[in-house]
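Student: Below is the file upload-v5.tsv, with TSV, C-alpha atoms.
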chain	number	residue	atom	x	y	z
J	1	GLU	CA	-105.35	-181.24	26.74
J	2	THR	CA	-102.24	-179.95	24.98
J	3	LEU	CA	-104.13	-179.17	21.78
J	4	GLN	CA	-106.86	-177.43	23.76
J	5	ALA	CA	-104.22	-175.35	25.53
J	6	LEU	CA	-102.65	-174.49	22.18
J	7	TYR	CA	-106.01	-173.34	20.87
J	8	ARG	CA	-106.59	-171.19	23.97
J	9	ILE	CA	-103.22	-169.51	23.51
J	10	SER	CA	-103.91	-168.80	19.85
J	11	SER	CA	-107.28	-167.28	20.78
J	12	ARG	CA	-105.84	-164.85	23.32
J	13	TYR	CA	-105.73	-161.51	21.56
J	14	ASP	CA	-104.50	-159.81	24.72
J	15	LEU	CA	-101.08	-161.38	24.05
J	16	ASP	CA	-98.59	-159.86	21.64
J	17	ARG	CA	-96.51	-162.06	19.33
J	18	GLU	CA	-93.62	-162.37	21.77
J	19	GLN	CA	-95.92	-163.37	24.65
J	20	ARG	CA	-97.78	-165.84	22.44
J	21	LEU	CA	-94.54	-167.48	21.33
J	22	GLN	CA	-93.37	-167.70	24.92
J	23	SER	CA	-96.64	-169.36	25.94
J	24	ILE	CA	-96.45	-171.90	23.11
J	25	VAL	CA	-92.83	-172.80	23.82
J	26	ASP	CA	-93.67	-173.14	27.53
J	27	LEU	CA	-96.54	-175.44	26.57
J	28	ALA	CA	-94.28	-177.59	24.38
J	29	ARG	CA	-91.72	-177.90	27.18
J	30	HIS	CA	-94.35	-179.01	29.68
J	31	PHE	CA	-95.84	-181.42	27.14
J	32	LEU	CA	-92.48	-183.18	26.79
J	33	GLY	CA	-91.57	-182.84	30.47
J	34	ALA	CA	-88.33	-181.13	29.46
J	35	GLU	CA	-86.11	-179.03	31.68
J	36	TYR	CA	-85.32	-176.43	29.01
J	37	ALA	CA	-86.76	-175.43	25.65
J	38	LEU	CA	-85.12	-173.21	23.08
J	39	LEU	CA	-86.69	-171.78	19.94
J	40	SER	CA	-84.19	-170.41	17.46
J	41	HIS	CA	-84.75	-168.66	14.16
J	42	TYR	CA	-82.60	-169.50	11.14
J	43	LYS	CA	-81.17	-166.29	9.69
J	44	THR	CA	-78.24	-165.59	7.40
J	45	ALA	CA	-76.92	-169.18	7.56
J	46	GLU	CA	-77.00	-169.39	11.36
J	47	PHE	CA	-79.44	-169.74	14.23
J	48	GLU	CA	-80.47	-166.84	16.46
J	49	VAL	CA	-82.21	-167.21	19.82
J	50	CYS	CA	-85.90	-166.36	19.60
J	51	THR	CA	-87.61	-167.73	22.74
J	52	VAL	CA	-86.32	-169.58	25.80
J	53	SER	CA	-88.29	-171.58	28.37
J	54	PRO	CA	-88.10	-171.01	31.30
J	55	ALA	CA	-87.83	-167.39	30.20
J	56	GLU	CA	-85.08	-166.45	32.67
J	57	GLN	CA	-82.63	-169.03	31.30
J	58	ASN	CA	-79.62	-168.02	29.21
J	59	LEU	CA	-79.10	-170.73	26.61
J	60	ALA	CA	-76.72	-170.90	23.67
J	61	VAL	CA	-78.02	-171.94	20.28
J	62	PRO	CA	-78.09	-174.66	19.17
J	63	LEU	CA	-78.15	-176.74	22.35
J	64	ARG	CA	-76.54	-179.72	20.63
J	65	ALA	CA	-75.03	-178.64	17.33
J	66	GLU	CA	-74.31	-182.08	15.89
J	67	PHE	CA	-77.82	-183.43	16.54
J	68	ALA	CA	-79.47	-180.19	15.44
J	69	ALA	CA	-77.60	-180.33	12.13
J	70	ALA	CA	-78.60	-183.95	11.57
J	71	ALA	CA	-82.26	-183.20	12.30
J	72	ALA	CA	-82.21	-180.21	9.96
J	73	GLN	CA	-80.67	-182.30	7.21
J	74	ASP	CA	-83.21	-185.12	7.61
J	75	SER	CA	-86.15	-182.75	8.21
J	76	GLN	CA	-87.27	-184.98	11.07
J	77	ILE	CA	-87.77	-184.88	14.82
J	78	GLN	CA	-84.88	-186.59	16.60
J	79	SER	CA	-84.41	-187.74	20.18
J	80	HIS	CA	-81.09	-188.58	21.83
J	81	ARG	CA	-79.92	-189.64	25.28
J	82	ASP	CA	-76.30	-189.25	26.31
J	83	SER	CA	-75.08	-192.65	27.53
J	84	GLU	CA	-72.60	-191.07	29.98
J	85	SER	CA	-74.43	-188.08	31.43
J	86	GLY	CA	-77.96	-189.38	30.91
J	87	ASP	CA	-79.02	-186.05	29.45
J	88	GLN	CA	-82.07	-186.17	27.16
J	89	TYR	CA	-82.24	-184.07	23.99
J	90	ILE	CA	-85.09	-183.61	21.50
J	91	VAL	CA	-84.95	-181.44	18.40
J	92	CYS	CA	-87.70	-180.52	15.96
J	93	PRO	CA	-86.76	-178.60	12.79
J	94	VAL	CA	-89.44	-176.38	11.28
J	95	TYR	CA	-89.54	-176.11	7.51
J	96	ILE	CA	-91.78	-173.55	5.84
J	97	GLY	CA	-92.03	-173.33	2.08
J	98	GLY	CA	-89.34	-175.98	1.78
J	99	GLU	CA	-86.79	-173.95	3.73
J	100	LEU	CA	-85.49	-174.35	7.28
J	101	HIS	CA	-87.10	-171.60	9.31
J	102	CYS	CA	-86.89	-172.48	13.00
J	103	LEU	CA	-85.40	-175.01	15.36
J	104	LEU	CA	-87.23	-176.15	18.48
J	105	GLU	CA	-84.95	-177.91	20.99
J	106	PHE	CA	-85.57	-179.52	24.37
J	107	SER	CA	-83.05	-180.67	26.94
J	108	SER	CA	-83.28	-182.42	30.31
J	109	SER	CA	-80.53	-183.48	32.68
J	110	ARG	CA	-80.44	-186.63	34.80
J	111	GLN	CA	-80.48	-184.42	37.91
J	112	TYR	CA	-83.70	-182.77	36.73
J	113	ARG	CA	-85.44	-186.14	36.35
J	114	ALA	CA	-84.04	-187.30	39.70
J	115	LYS	CA	-86.00	-184.51	41.41
J	116	GLY	CA	-89.24	-186.23	40.50
J	117	HIS	CA	-90.03	-184.57	37.19
J	118	GLN	CA	-91.74	-186.66	34.56
J	119	GLN	CA	-89.69	-188.69	32.12
J	120	PRO	CA	-89.09	-186.52	29.05
J	121	GLY	CA	-89.40	-187.85	25.58
J	122	LEU	CA	-91.71	-188.83	22.77
J	123	ALA	CA	-93.69	-191.76	24.08
J	124	SER	CA	-95.73	-192.44	20.94
J	125	GLU	CA	-96.38	-191.52	17.35
J	126	LEU	CA	-99.22	-189.31	18.58
J	127	SER	CA	-96.81	-187.32	20.77
J	128	ARG	CA	-94.56	-186.82	17.74
J	129	ARG	CA	-97.46	-185.55	15.71
J	130	ILE	CA	-98.52	-183.17	18.46
J	131	LEU	CA	-94.97	-181.83	18.73
J	132	LYS	CA	-94.86	-181.38	14.96
J	133	LEU	CA	-98.13	-179.47	15.08
J	134	ILE	CA	-96.85	-177.25	17.88
J	135	SER	CA	-93.65	-176.57	15.96
J	136	GLN	CA	-95.57	-175.60	12.82
J	137	TRP	CA	-97.74	-173.28	14.90
J	138	VAL	CA	-94.58	-171.74	16.31
J	139	GLY	CA	-93.20	-171.29	12.79
J	140	ASN	CA	-96.37	-169.51	11.69
J	141	GLU	CA	-96.18	-167.19	14.71
J	142	VAL	CA	-92.56	-166.36	13.84
J	143	ILE	CA	-93.52	-165.60	10.24
J	144	MET	CA	-96.36	-163.35	11.37
J	145	ALA	CA	-94.00	-161.54	13.74
J	146	GLU	CA	-91.54	-161.04	10.87
J	147	ARG	CA	-94.25	-159.60	8.65
J	148	GLU	CA	-95.49	-157.29	11.38
J	149	ASN	CA	-91.96	-156.07	12.10
J	150	LYS	CA	-91.34	-155.51	8.41
J	151	ALA	CA	-94.60	-153.60	8.05
J	152	GLU	CA	-93.82	-151.51	11.14
J	153	SER	CA	-90.34	-150.76	9.81
J	154	ARG	CA	-91.77	-149.65	6.46
J	155	TYR	CA	-94.39	-147.53	8.25
J	156	GLN	CA	-91.74	-145.75	10.31
J	157	ASP	CA	-89.60	-145.23	7.20
J	158	ILE	CA	-92.54	-143.65	5.38
J	159	LYS	CA	-93.37	-141.42	8.37
J	160	LEU	CA	-89.80	-140.14	8.41
J	161	ARG	CA	-90.19	-138.95	4.83
J	162	PHE	CA	-92.85	-136.50	5.99
J	163	ALA	CA	-90.96	-135.32	9.08
J	164	GLU	CA	-89.79	-132.03	7.56
J	165	ILE	CA	-92.80	-130.84	5.58
J	166	SER	CA	-94.17	-127.43	6.51
J	167	PRO	CA	-97.73	-126.72	7.70
J	168	ARG	CA	-98.58	-125.20	4.30
J	169	GLU	CA	-97.14	-128.21	2.47
J	170	ARG	CA	-99.31	-130.45	4.62
J	171	GLU	CA	-102.38	-128.45	3.62
J	172	VAL	CA	-101.45	-128.91	-0.03
J	173	LEU	CA	-100.81	-132.61	0.58
J	174	ASN	CA	-104.22	-133.14	2.17
J	175	LEU	CA	-105.95	-131.41	-0.73
J	176	LEU	CA	-103.92	-133.50	-3.15
J	177	VAL	CA	-105.11	-136.66	-1.39
J	178	GLN	CA	-108.68	-135.44	-1.98
J	179	SER	CA	-107.89	-135.23	-5.73
J	180	GLU	CA	-108.21	-131.45	-5.81
J	181	SER	CA	-106.79	-129.77	-8.90
J	182	THR	CA	-104.05	-127.16	-8.76
J	183	LYS	CA	-106.54	-124.37	-9.48
J	184	SER	CA	-108.91	-125.67	-6.81
J	185	MET	CA	-106.12	-125.87	-4.23
J	186	ALA	CA	-105.03	-122.33	-5.07
J	187	ARG	CA	-108.58	-121.07	-4.59
J	188	ILE	CA	-109.12	-122.95	-1.33
J	189	LEU	CA	-105.78	-121.82	0.18
J	190	ASN	CA	-105.99	-118.36	-1.39
J	191	ILE	CA	-102.54	-118.59	-2.99
J	192	SER	CA	-101.30	-118.68	-6.59
J	193	THR	CA	-101.12	-121.79	-8.74
J	194	LYS	CA	-97.34	-121.27	-9.05
J	195	THR	CA	-97.04	-121.44	-5.26
J	196	ILE	CA	-99.10	-124.64	-5.27
J	197	GLU	CA	-96.76	-126.15	-7.86
J	198	LEU	CA	-93.76	-125.11	-5.76
J	199	HIS	CA	-95.20	-126.81	-2.68
J	200	ARG	CA	-95.92	-129.97	-4.69
J	201	ALA	CA	-92.35	-130.02	-5.97
J	202	ASN	CA	-91.02	-129.63	-2.43
J	203	LEU	CA	-93.25	-132.48	-1.25
J	204	LEU	CA	-91.94	-134.76	-3.98
J	205	ARG	CA	-88.36	-133.86	-3.12
J	206	LYS	CA	-88.71	-134.21	0.66
J	207	THR	CA	-90.56	-137.53	0.51
J	208	ASP	CA	-88.49	-138.93	-2.36
J	209	ALA	CA	-91.71	-139.70	-4.23
J	210	LYS	CA	-91.41	-140.20	-7.99
J	211	SER	CA	-94.88	-138.86	-8.80
J	212	SER	CA	-97.94	-137.26	-7.28
J	213	ILE	CA	-99.66	-140.66	-7.30
J	214	GLU	CA	-96.85	-142.17	-5.24
J	215	LEU	CA	-96.90	-139.12	-2.95
J	216	VAL	CA	-100.62	-139.62	-2.25
J	217	LYS	CA	-100.08	-143.33	-1.62
J	218	LEU	CA	-97.26	-142.63	0.85
J	219	ALA	CA	-99.34	-139.97	2.63
J	220	VAL	CA	-102.21	-142.40	3.15
J	221	LEU	CA	-99.89	-145.22	4.29
J	222	SER	CA	-98.13	-142.94	6.76
J	223	GLY	CA	-101.36	-141.68	8.27
J	224	MET	CA	-100.35	-138.13	7.44
J	225	SER	CA	-103.67	-137.46	5.80
J	226	ASP	CA	-107.23	-138.02	6.96
J	227	PRO	CA	-109.29	-137.46	3.81
J	228	VAL	CA	-112.62	-137.25	5.66
J	229	ALA	CA	-111.46	-134.76	8.29
J	230	GLU	CA	-109.50	-132.70	5.81
J	231	HIS	CA	-112.46	-132.60	3.41
J	232	LYS	CA	-114.49	-130.93	6.17
J	233	ASP	CA	-111.65	-128.46	6.75
J	234	SER	CA	-111.47	-127.62	3.05
J	235	LEU	CA	-115.22	-126.96	2.95
J	236	CYS	CA	-114.82	-124.57	5.87
J	237	LEU	CA	-112.01	-122.79	4.05
J	238	GLN	CA	-114.11	-122.45	0.92
J	239	LYS	CA	-117.00	-120.97	2.94
Please rewrite the model in this file as structure tokens.
Tutor:
Amino acid sequence: ETLQALYRISSRYDLDREQRLQSIVDLARHFLGAEYALLSHYKTAEFEVCTVSPAEQNLAVPLRAEFAAAAAQDSQIQSHRDSESGDQYIVCPVYIGGELHCLLEFSSSRQYRAKGHQQPGLASELSRRILKLISQWVGNEVIMAERENKAESRYQDIKLRFAEISPREREVLNLLVQSESTKSMARILNISTKTIELHRANLLRKTDAKSSIELVKLAVLSGMSDPVAEHKDSLCLQK
């Protein structure tokens, strides 16, 4: 049932990365019968909170520093019960490419179990394997979120490079994307070749592009140019 639920979550394209992570961490918490779950991301030699279950909780990371460190060092799932308080703690480190990437922790108090909630823990080797699978799935989701954020950041950076180009410079840029020559651009826009060269130089300067090839690449990546639409426009201009 847990694996089927995991598959259903992964198949829901109406969820964004954050919602999908929340759903998976919620699933892991319910699977273990834990009171709290905390997913942290290992960055710059320390852990940062990524996802908490239940979502409204405010938890510090790591939940149990000494046990989390031991689990990370051994690269293994660990389970501990405090002999005095009776609190239950489970930690699952997530290694990707041989490096510690995430930490998935679960905690339950004696009071929580006294209210009739199921006994938390890893009852069998199968439950350990399922938790390991869930944790790896979580790690993959985190990696995908990182890549998407990085791509979005690069996209916004590229868009900013084109923020100050003039309408005429954009016309030149679109023709450049269509591989039009300087003479052809001058004829289409009814301006001199020297003016075309001036606009191209301004485009290189404003976008910090090292060459016309890089300029075209940046224009396409930023969405500043629609070659098909602009080709139609250029044909109209020529007519």
Student: Any idea what the distance is between CA of Leu3 in chain J and CA of Tyr42 in chain J?
Tutor: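 Interatomic distance here is 25.9 Å.
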Student: Find the axis-aligned box for range 60-65 of chain J, covering all its listed atoms and adding 3 Å on each side, and write its centre and edge lengths in Å to one decimal as lines of an AutoDock Vina configuration file.
Tutor:
center_x = -76.6
center_y = -175.3
center_z = 20.5
size_x = 9.1
size_y = 14.8
size_z = 12.3
Student: Counting only C-alpha atoms, give me one row per residue of range 62-101 of chain J with an atom at most 9 Å from an atom of range 134-141 of chain J, showing the shortest contact pair and its distance in Å to one decimal, sorted by chain then residue number, as a tab-separated table.
Tutor:
residue	atom	partner	partner_atom	distance
J:Cys92	CA	J:Ser135	CA	7.1
J:Pro93	CA	J:Ser135	CA	7.9
J:Val94	CA	J:Ser135	CA	6.3
J:Tyr95	CA	J:Gly139	CA	8.0
J:Ile96	CA	J:Gly139	CA	7.4
J:His101	CA	J:Gly139	CA	7.0
Student: One number please: CA of Asn174 in chain J to CA of Val220 in chain J, in Å, one decimal.
Tutor: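 Rounded to one decimal, the two atoms are 9.5 Å apart.
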Student: Up to 12 Å from (-93.7, -145.3, 5.7) in the file's coordinates: name the residues, counting only C-alpha atoms, as number ranges by chain.
Tutor: J: 150-163, 207-209, 214-224
Student: At a cut-off of 12 Å, using all atoms listed in the file, what residues contact range 14-21 of chain J? Leave out same-chain residues fewer than 2 positions from it and give the result as number ranges by chain.
Tutor: J: 5-12, 23-28, 37-40, 50-53, 55, 104, 134-149
Student: Which neighbours of His199 in chain J fall inside 10 Å, counting all atoms listed in the file, when residues of the same chain fewer than 6 positions from it are skipped, and could you give them as a ChimeraX atom specification?
Tutor: /J:165-166,168-173,193,205
Student: Counting all atoms listed in the file, which of J:Thr195, J:Asn58, J:Ser108, J:Ser181 gets nearest to Tyr36 in chain J?
Tutor: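 Smallest distance to Tyr36 in chain J is found for J:Ser108.
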Student: For each of J:Ile77, J:Leu204, J:Ala34, J:Ala69, take the minimum atom-to-atom distance to Gln111 in chain J, counting all atoms listed in the file, then give the residue where this is smallest.
Tutor: J:Ala34
Student: For a test of reading the model, state the distance in Å between CA of Leu126 in chain J and CA of Phe31 in chain J, rounded to one decimal.
Tutor: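 According to the coordinates, CA of Leu126 in chain J and CA of Phe31 in chain J are separated by 12.1 Å.
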Student: My list of candidates is J:Gly86, J:Pro167, J:Pro54, J:Gly98. Which is closest to Ala72 in chain J when distances are computed with only C-alpha atoms?
Tutor: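 Smallest separation from Ala72 in chain J among the options: J:Gly98.
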Student: Which residue gives the smallest distance to Ser107 in chain J among J:Ile130, J:Ile191, J:Leu59, J:Val49, with only C-alpha atoms counted?
Tutor: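 For Ser107 in chain J, the nearest of the candidates is J:Leu59.
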